[in-house]
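As stored in final08.pdb (PDB, C-alpha atoms and all ligand atoms):
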MODEL        1
ATOM      1  CA  MET A 180       8.168 106.624   2.177
ATOM      2  CA  ASP A 181       4.676 105.878   3.437
ATOM      3  CA  GLY A 182       1.233 106.304   1.950
ATOM      4  CA  ASN A 183       1.451 104.780  -1.523
ATOM      5  CA  GLY A 184      -1.464 102.413  -0.964
ATOM      6  CA  ARG A 185      -3.778 105.029   0.561
ATOM      7  CA  TRP A 186      -2.894 107.501  -2.189
ATOM      8  CA  ALA A 187      -3.983 104.964  -4.814
ATOM      9  CA  LYS A 188      -7.121 103.978  -2.906
ATOM     10  CA  GLN A 189      -8.189 107.621  -2.705
ATOM     11  CA  LYS A 190      -8.037 107.683  -6.472
ATOM     12  CA  GLY A 191      -9.989 104.448  -6.822
ATOM     13  CA  LYS A 192      -6.892 102.626  -8.118
ATOM     14  CA  LEU A 193      -4.952  99.542  -7.082
ATOM     15  CA  ARG A 194      -2.127  99.835  -4.535
ATOM     16  CA  VAL A 195       0.364  99.045  -7.292
ATOM     17  CA  PHE A 196      -0.536 102.332  -8.963
ATOM     18  CA  GLY A 197       0.553 104.074  -5.775
ATOM     19  CA  HIS A 198       3.900 102.302  -5.769
ATOM     20  CA  GLU A 199       4.511 103.248  -9.410
ATOM     21  CA  ASN A 200       3.868 106.882  -8.596
ATOM     22  CA  GLY A 201       5.989 106.578  -5.480
ATOM     23  CA  ALA A 202       8.946 105.916  -7.741
ATOM     24  CA  LYS A 203       8.417 109.381  -9.271
ATOM     25  CA  ALA A 204       8.627 110.993  -5.838
ATOM     26  CA  VAL A 205      11.945 109.224  -5.291
ATOM     27  CA  LYS A 206      13.313 110.984  -8.363
ATOM     28  CA  GLN A 207      12.195 114.384  -7.022
ATOM     29  CA  VAL A 208      13.769 113.842  -3.638
ATOM     30  CA  VAL A 209      17.066 112.544  -5.019
ATOM     31  CA  GLU A 210      17.269 115.591  -7.308
ATOM     32  CA  GLY A 211      16.375 117.882  -4.401
ATOM     33  CA  CYS A 212      19.166 116.445  -2.272
ATOM     34  CA  ALA A 213      21.684 116.853  -5.079
ATOM     35  CA  GLU A 214      20.667 120.492  -5.539
ATOM     36  CA  LEU A 215      20.868 121.254  -1.812
ATOM     37  CA  ASP A 216      24.131 119.353  -1.393
ATOM     38  CA  VAL A 217      22.630 116.892   1.069
ATOM     39  CA  LYS A 218      25.340 114.245   1.090
ATOM     40  CA  ASN A 219      23.346 111.264   2.321
ATOM     41  CA  LEU A 220      19.808 110.186   1.600
ATOM     42  CA  THR A 221      18.477 106.881   2.907
ATOM     43  CA  LEU A 222      15.132 105.639   1.646
ATOM     44  CA  TYR A 223      13.133 103.009   3.511
ATOM     45  CA  ALA A 224      11.922 101.158   0.449
ATOM     46  CA  PHE A 225      11.068  97.697   1.765
ATOM     47  CA  SER A 226      11.102  96.394   5.323
ATOM     48  CA  THR A 227      11.688  92.911   6.682
ATOM     49  CA  GLU A 228       8.008  93.039   7.708
ATOM     50  CA  ASN A 229       6.876  93.992   4.187
ATOM     51  CA  TRP A 230       7.583  90.379   3.106
ATOM     52  CA  LYS A 231       4.308  89.540   4.867
ATOM     53  CA  ARG A 232       2.270  91.542   2.348
ATOM     54  CA  PRO A 233       0.189  89.748  -0.312
ATOM     55  CA  LYS A 234       2.449  87.851  -2.702
ATOM     56  CA  LEU A 235       1.302  89.842  -5.713
ATOM     57  CA  GLU A 236       2.153  93.167  -4.060
ATOM     58  CA  VAL A 237       5.600  91.912  -3.054
ATOM     59  CA  GLN A 238       6.232  90.648  -6.598
ATOM     60  CA  THR A 239       5.133  93.958  -8.080
ATOM     61  CA  LEU A 240       7.383  95.917  -5.741
ATOM     62  CA  MET A 241      10.353  93.722  -6.693
ATOM     63  CA  LYS A 242       9.609  94.171 -10.400
ATOM     64  CA  LEU A 243       9.275  97.903  -9.909
ATOM     65  CA  LEU A 244      12.628  97.943  -8.186
ATOM     66  CA  ILE A 245      14.317  96.187 -11.097
ATOM     67  CA  SER A 246      12.701  98.441 -13.704
ATOM     68  CA  SER A 247      13.469 101.624 -11.749
ATOM     69  CA  LEU A 248      17.113 100.637 -11.305
ATOM     70  CA  LYS A 249      17.417  99.850 -15.015
ATOM     71  CA  LYS A 250      15.656 103.064 -15.988
ATOM     72  CA  GLU A 251      17.532 105.386 -13.625
ATOM     73  CA  ILE A 252      21.061 104.017 -13.791
ATOM     74  CA  LYS A 253      22.200 106.548 -16.376
ATOM     75  CA  THR A 254      20.628 109.545 -14.594
ATOM     76  CA  LEU A 255      22.102 108.416 -11.291
ATOM     77  CA  HIS A 256      25.545 108.036 -12.778
ATOM     78  CA  ASP A 257      25.397 111.291 -14.810
ATOM     79  CA  ASN A 258      24.477 113.168 -11.629
ATOM     80  CA  LYS A 259      27.357 111.570  -9.690
ATOM     81  CA  ILE A 260      25.078 109.703  -7.323
ATOM     82  CA  LYS A 261      26.502 106.701  -5.558
ATOM     83  CA  LEU A 262      24.048 103.896  -4.875
ATOM     84  CA  ASN A 263      24.264 101.933  -1.664
ATOM     85  CA  ALA A 264      21.958  99.354  -0.073
ATOM     86  CA  ILE A 265      21.339  98.218   3.492
ATOM     87  CA  GLY A 266      19.332  95.283   4.769
ATOM     88  CA  ASN A 267      19.216  91.532   4.512
ATOM     89  CA  LEU A 268      20.035  91.744   0.811
ATOM     90  CA  GLN A 269      20.479  87.970   0.468
ATOM     91  CA  ALA A 270      16.718  87.660   0.950
ATOM     92  CA  LEU A 271      16.018  89.614  -2.242
ATOM     93  CA  PRO A 272      15.126  87.760  -5.453
ATOM     94  CA  THR A 273      18.266  87.018  -7.489
ATOM     95  CA  LYS A 274      17.283  89.409 -10.282
ATOM     96  CA  VAL A 275      16.807  92.314  -7.877
ATOM     97  CA  TYR A 276      20.045  91.502  -6.096
ATOM     98  CA  SER A 277      22.128  91.333  -9.254
ATOM     99  CA  GLU A 278      20.619  94.524 -10.743
ATOM    100  CA  LEU A 279      21.287  96.272  -7.449
ATOM    101  CA  MET A 280      24.904  95.071  -7.352
ATOM    102  CA  ASP A 281      25.399  96.215 -10.960
ATOM    103  CA  VAL A 282      24.245  99.756 -10.182
ATOM    104  CA  ILE A 283      26.279  99.847  -6.959
ATOM    105  CA  GLU A 284      29.385  98.757  -8.868
ATOM    106  CA  ILE A 285      28.893 101.259 -11.710
ATOM    107  CA  THR A 286      28.305 104.207  -9.358
ATOM    108  CA  LYS A 287      30.846 103.270  -6.685
ATOM    109  CA  ASP A 288      33.253 106.161  -7.352
ATOM    110  CA  ASN A 289      30.578 108.875  -7.379
ATOM    111  CA  SER A 290      30.546 111.341  -4.519
ATOM    112  CA  LYS A 291      27.838 113.963  -5.019
ATOM    113  CA  VAL A 292      25.119 112.147  -3.029
ATOM    114  CA  THR A 293      25.122 108.683  -1.481
ATOM    115  CA  LEU A 294      21.680 107.250  -2.033
ATOM    116  CA  THR A 295      21.087 104.311   0.270
ATOM    117  CA  LEU A 296      18.144 102.012  -0.322
ATOM    118  CA  ALA A 297      16.940 100.140   2.733
ATOM    119  CA  LEU A 298      15.721  96.867   1.238
ATOM    120  CA  SER A 299      14.514  93.908   3.211
ATOM    121  CA  TYR A 300      15.679  96.139   6.022
ATOM    122  CA  GLY A 301      14.685  95.939   9.668
ATOM    123  CA  SER A 302      16.588  97.617  12.443
ATOM    124  CA  ARG A 303      16.208  94.672  14.809
ATOM    125  CA  GLU A 304      17.476  92.277  12.146
ATOM    126  CA  GLU A 305      20.426  94.636  11.626
ATOM    127  CA  LEU A 306      21.169  94.681  15.356
ATOM    128  CA  ILE A 307      20.969  90.879  15.579
ATOM    129  CA  ASN A 308      23.375  90.659  12.663
ATOM    130  CA  THR A 309      25.691  93.160  14.344
ATOM    131  CA  VAL A 310      25.725  91.210  17.612
ATOM    132  CA  LYS A 311      26.506  88.015  15.674
ATOM    133  CA  GLN A 312      29.385  89.619  13.738
ATOM    134  CA  ILE A 313      30.925  91.071  16.890
ATOM    135  CA  SER A 314      30.430  87.803  18.811
ATOM    136  CA  ILE A 315      32.311  85.870  16.142
ATOM    137  CA  LYS A 316      35.214  88.325  16.436
ATOM    138  CA  VAL A 317      35.191  88.052  20.225
ATOM    139  CA  LYS A 318      35.184  84.268  19.985
ATOM    140  CA  ASN A 319      38.147  84.365  17.610
ATOM    141  CA  ASN A 320      40.040  86.838  19.834
ATOM    142  CA  ILE A 321      39.875  89.604  17.217
ATOM    143  CA  ILE A 322      38.043  91.972  19.588
ATOM    144  CA  SER A 323      38.108  91.859  23.374
ATOM    145  CA  PRO A 324      34.705  92.439  25.042
ATOM    146  CA  GLU A 325      36.086  95.456  26.987
ATOM    147  CA  LYS A 326      36.875  97.198  23.699
ATOM    148  CA  ILE A 327      33.265  97.142  22.470
ATOM    149  CA  ASP A 328      32.077 100.731  22.224
ATOM    150  CA  GLU A 329      29.844 102.864  19.967
ATOM    151  CA  LEU A 330      32.466 102.926  17.253
ATOM    152  CA  VAL A 331      32.753  99.131  17.179
ATOM    153  CA  ILE A 332      28.989  98.802  16.962
ATOM    154  CA  ASN A 333      28.784 101.438  14.207
ATOM    155  CA  GLN A 334      31.409  99.568  12.229
ATOM    156  CA  HIS A 335      29.332  96.381  12.273
ATOM    157  CA  LEU A 336      25.985  97.875  11.282
ATOM    158  CA  TYR A 337      24.806  97.813   7.645
ATOM    159  CA  THR A 338      25.200 101.610   7.795
ATOM    160  CA  GLN A 339      28.912 101.331   8.687
ATOM    161  CA  ASN A 340      29.989 103.985   6.177
ATOM    162  CA  LEU A 341      27.197 106.434   6.894
ATOM    163  CA  PRO A 342      26.954 109.212   9.480
ATOM    164  CA  ASP A 343      24.166 109.308  12.093
ATOM    165  CA  VAL A 344      20.786 110.476  10.833
ATOM    166  CA  ASP A 345      20.196 114.230  11.147
ATOM    167  CA  LEU A 346      16.644 114.410   9.852
ATOM    168  CA  LEU A 347      14.106 111.628   9.537
ATOM    169  CA  ILE A 348      11.058 112.378   7.399
ATOM    170  CA  ARG A 349       8.031 110.116   7.453
ATOM    171  CA  THR A 350       5.232 110.795   4.986
ATOM    172  CA  GLY A 351       1.692 109.426   5.052
ATOM    173  CA  GLY A 352       0.540 110.696   8.443
ATOM    174  CA  GLU A 353       1.665 107.885  10.757
ATOM    175  CA  GLN A 354       3.838 108.968  13.657
ATOM    176  CA  ARG A 355       6.009 105.937  14.273
ATOM    177  CA  ILE A 356       9.447 104.606  13.364
ATOM    178  CA  SER A 357       8.514 101.099  12.168
ATOM    179  CA  ASN A 358      11.872  99.431  12.796
ATOM    180  CA  PHE A 359      13.955 101.945  10.851
ATOM    181  CA  LEU A 360      17.571 102.762  11.842
ATOM    182  CA  LEU A 361      16.808 102.579  15.564
ATOM    183  CA  TRP A 362      20.429 102.930  16.643
ATOM    184  CA  GLN A 363      21.264 105.565  14.049
ATOM    185  CA  ILE A 364      18.357 107.935  14.846
ATOM    186  CA  ALA A 365      19.305 108.325  18.525
ATOM    187  CA  TYR A 366      19.623 112.105  18.034
ATOM    188  CA  ALA A 367      17.788 112.581  14.745
ATOM    189  CA  GLU A 368      15.191 115.295  14.337
ATOM    190  CA  LEU A 369      11.848 113.723  13.459
ATOM    191  CA  TYR A 370       9.507 115.237  10.889
ATOM    192  CA  PHE A 371       6.077 113.846  10.163
ATOM    193  CA  THR A 372       3.857 114.997   7.323
ATOM    194  CA  ASN A 373       0.383 113.930   6.209
ATOM    195  CA  VAL A 374       1.415 114.150   2.551
ATOM    196  CA  PHE A 375       1.234 110.705   0.937
ATOM    197  CA  TRP A 376       4.561 109.654  -0.542
ATOM    198  CA  PRO A 377       3.501 109.828  -4.242
ATOM    199  CA  ASP A 378       2.539 113.506  -3.695
ATOM    200  CA  PHE A 379       5.839 114.345  -1.981
ATOM    201  CA  THR A 380       7.761 116.872  -4.076
ATOM    202  CA  LYS A 381      11.032 118.738  -3.935
ATOM    203  CA  GLU A 382       9.135 121.633  -2.316
ATOM    204  CA  HIS A 383       7.951 119.354   0.469
ATOM    205  CA  LEU A 384      11.557 118.309   1.009
ATOM    206  CA  TYR A 385      12.592 121.983   1.239
ATOM    207  CA  GLU A 386       9.802 122.586   3.778
ATOM    208  CA  ALA A 387      11.072 119.726   5.917
ATOM    209  CA  ILE A 388      14.647 120.985   5.752
ATOM    210  CA  ILE A 389      13.635 124.566   6.598
ATOM    211  CA  ASN A 390      11.729 123.204   9.589
ATOM    212  CA  TYR A 391      14.823 121.211  10.594
ATOM    213  CA  GLN A 392      17.037 124.295  10.329
ATOM    214  CA  LYS A 393      14.917 126.128  12.904
ATOM    215  CA  ARG A 394      15.464 123.471  15.564
ATOM    216  CA  GLU A 395      18.080 123.625  18.260
ATOM    217  CA  ARG A 396      19.993 120.369  18.478
ATOM    218  CA  ARG A 397      21.376 120.189  21.962
ATOM    219  CA  PHE A 398      22.595 116.585  22.111
ATOM    220  CA  GLY A 399      21.920 116.528  25.828
ATOM    221  CA  LYS A 400      23.629 119.843  26.534
ATOM    222  CA  THR A 401      21.972 123.100  27.603
ATOM    223  CA  SER A 402      21.100 125.882  25.236
ATOM    224  CA  GLU A 403      23.674 128.146  26.935
ATOM    225  CA  GLN A 404      26.446 125.668  26.314
ATOM    226  CA  LEU A 405      25.780 125.780  22.607
ATOM    227  CA  SER A 406      25.999 129.541  22.142
TER     228      SER A 406
HETATM  229  C1  LIG B   1       4.892 102.692   1.354
HETATM  230  O1  LIG B   1       3.554 102.804   1.096
HETATM  231  C2  LIG B   1       5.621 101.804   0.376
HETATM  232  C3  LIG B   1       6.147 100.531   0.908
HETATM  233  C4  LIG B   1       6.099 100.154   2.157
HETATM  234  C5  LIG B   1       6.760  99.613  -0.044
HETATM  235  P1  LIG B   1       2.507 101.763   1.687
HETATM  236  O2  LIG B   1       2.386 100.642   0.729
HETATM  237  O3  LIG B   1       2.856 101.408   3.079
HETATM  238  O4  LIG B   1       1.168 102.619   1.659
HETATM  239  P2  LIG B   1      -0.015 102.658   2.724
HETATM  240  O5  LIG B   1       0.597 102.869   4.078
HETATM  241  O6  LIG B   1      -0.736 101.368   2.622
HETATM  242  O7  LIG B   1      -0.853 103.819   2.290
HETATM  243 MG    MG B   2       2.269 102.054   4.935
ENDMDL
END
Using the file provided, produce a representation of the structure as structure tokens.
Amino acid sequence: MDGNGRWAKQKGKLRVFGHENGAKAVKQVVEGCAELDVKNLTLYAFSTENWKRPKLEVQTLMKLLISSLKKEIKTLHDNKIKLNAIGNLQALPTKVYSELMDVIEITKDNSKVTLTLALSYGSREELINTVKQISIKVKNNIISPEKIDELVINQHLYTQNLPDVDLLIRTGGEQRISNFLLWQIAYAELYFTNVFWPDFTKEHLYEAIINYQKRERRFGKTSEQLS
């Protein structure tokens, strides 16, 4: 979800204004996924690197997170959306963490859409954590090194209950991954748009999905093998 700051700047406003409007785009996209029966939506809301932003911006983002969770809990639950979070969640301020856990607990039995927020998330941090978890199990003879395969790694990532990414959308015009789900996007289709995140609507989501539907996903095979 990139481009909040530039969107605000274009309008002569503070970056915070962009983040506030970014929250509205989140609502659109969650609704869009529910309508299209997209089962999993993962939003890159705050990266491990975003902690390096000016203190005031970080504080505002954390406050916005708390207020959005409080405001949207009922809508999420009424629409059978299950909230999930990935990242180094312990690094979040206590208030954010506890609000997050409340919403996760309340929505845990919902199954229409799983909405995963990547918070204080960095793919390299996730991989380091994964290696540590597996190493501890190897050390304690719970897993033997020969048995380590893709499945074992998947089971130790923050995304352990989620399928691989099919479509990755990045708004805001930059064409890079920025430490997002590096393992999980191995065969994802990438879609970049210049639209700034606060301007991203349900229609833009449809456009991205239609574009995705026209692609041939070969997973290393030949076109002939697929047909
Ligand atoms: C994305 O918008 C939101 C977060 C990373 C929290 P940015 O804040 O990165 O906006 P730009 O890239 O400066 O326009
Ligand atoms: Mg940015």
Nearest to A:Val205 among A:Arg185, A:Arg349, A:Leu361, A:Met180, with distances taken over all atoms listed in the file: which residue is it?
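Smallest separation from A:Val205 among the options: A:Met180.
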Enclose all atoms of ligand LIG 1 (chain B) listed in the file in an axis-aligned box, grow every side by 5 Å, and hand back centre and edge lengths in Å to one decimal, as AutoDock Vina command-line options.
--center_x 3.0 --center_y 101.7 --center_z 2.0 --size_x 17.6 --size_y 14.2 --size_z 14.1
Given only C-alpha atoms as the counted atoms, nearest of A:His256, A:Glu403, A:Lys316, A:Gly197 to A:Gly182
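For A:Gly182, the nearest of the candidates is A:Gly197.
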Which protein, DNA or RNA residues have an atom within 12 Å of ligand MG 2 (chain B), counting all atoms listed in the file, as a ChimeraX atom specification?
/A:180-187,194,197-198,201,223-226,228-229,232,349-357,375-376
Residues picked by the PyMOL selection byres (((chain A and resi 259) around 6) and not hetatm) here, as a ChimeraX atom specification?
/A:256-258,260,289,291
Show me, as a PyMOL selection string, the residues that have an atom within 8 Å of stretch 333-344 of chain A when counting all atoms listed in the file, minus same-chain residues fewer than 5 positions from it.
chain A and resi 219+265-266+305-306+308-309+312-313+363-364+366-367
Considering all atoms listed in the file, state which residue in the set A:Tyr391, A:Thr286, A:Tyr300, A:Met280 is at the smallest distance from A:Lys253.
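The answer is A:Thr286, which sits nearest to A:Lys253.
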Which residue of A:Gln404, A:Asn358, A:Val237, A:Ile388 approaches A:Gly301 most closely, using only C-alpha atoms:
A:Asn358
From the set A:Val282, A:Leu255, A:Ala297, A:Val217, which residue has the shortest atom-to-atom contact distance to ligand LIG 1 (chain B), counting only C-alpha atoms and all ligand atoms?
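Among A:Val282, A:Leu255, A:Ala297, A:Val217, it is A:Ala297 that comes nearest to ligand LIG 1 (chain B).
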Suppose you want the space between atom CA of A:Val195 and atom CA of A:Asn373; what is it in Å?
20.1 Å
Quick one: of A:Asp288, A:Glu304, A:Glu236, A:Glu214, who's nearest to ligand LIG 1 (chain B), counting all atoms listed in the file?
A:Glu236
Test item: residues at most 12 Å from A:Ser247, all atoms listed in the file, excluding those fewer than 2 positions along its chain, as an MDAnalysis selection string:
chainID A and resid 198:203 205:206 239:245 249:255 275 278:279 282
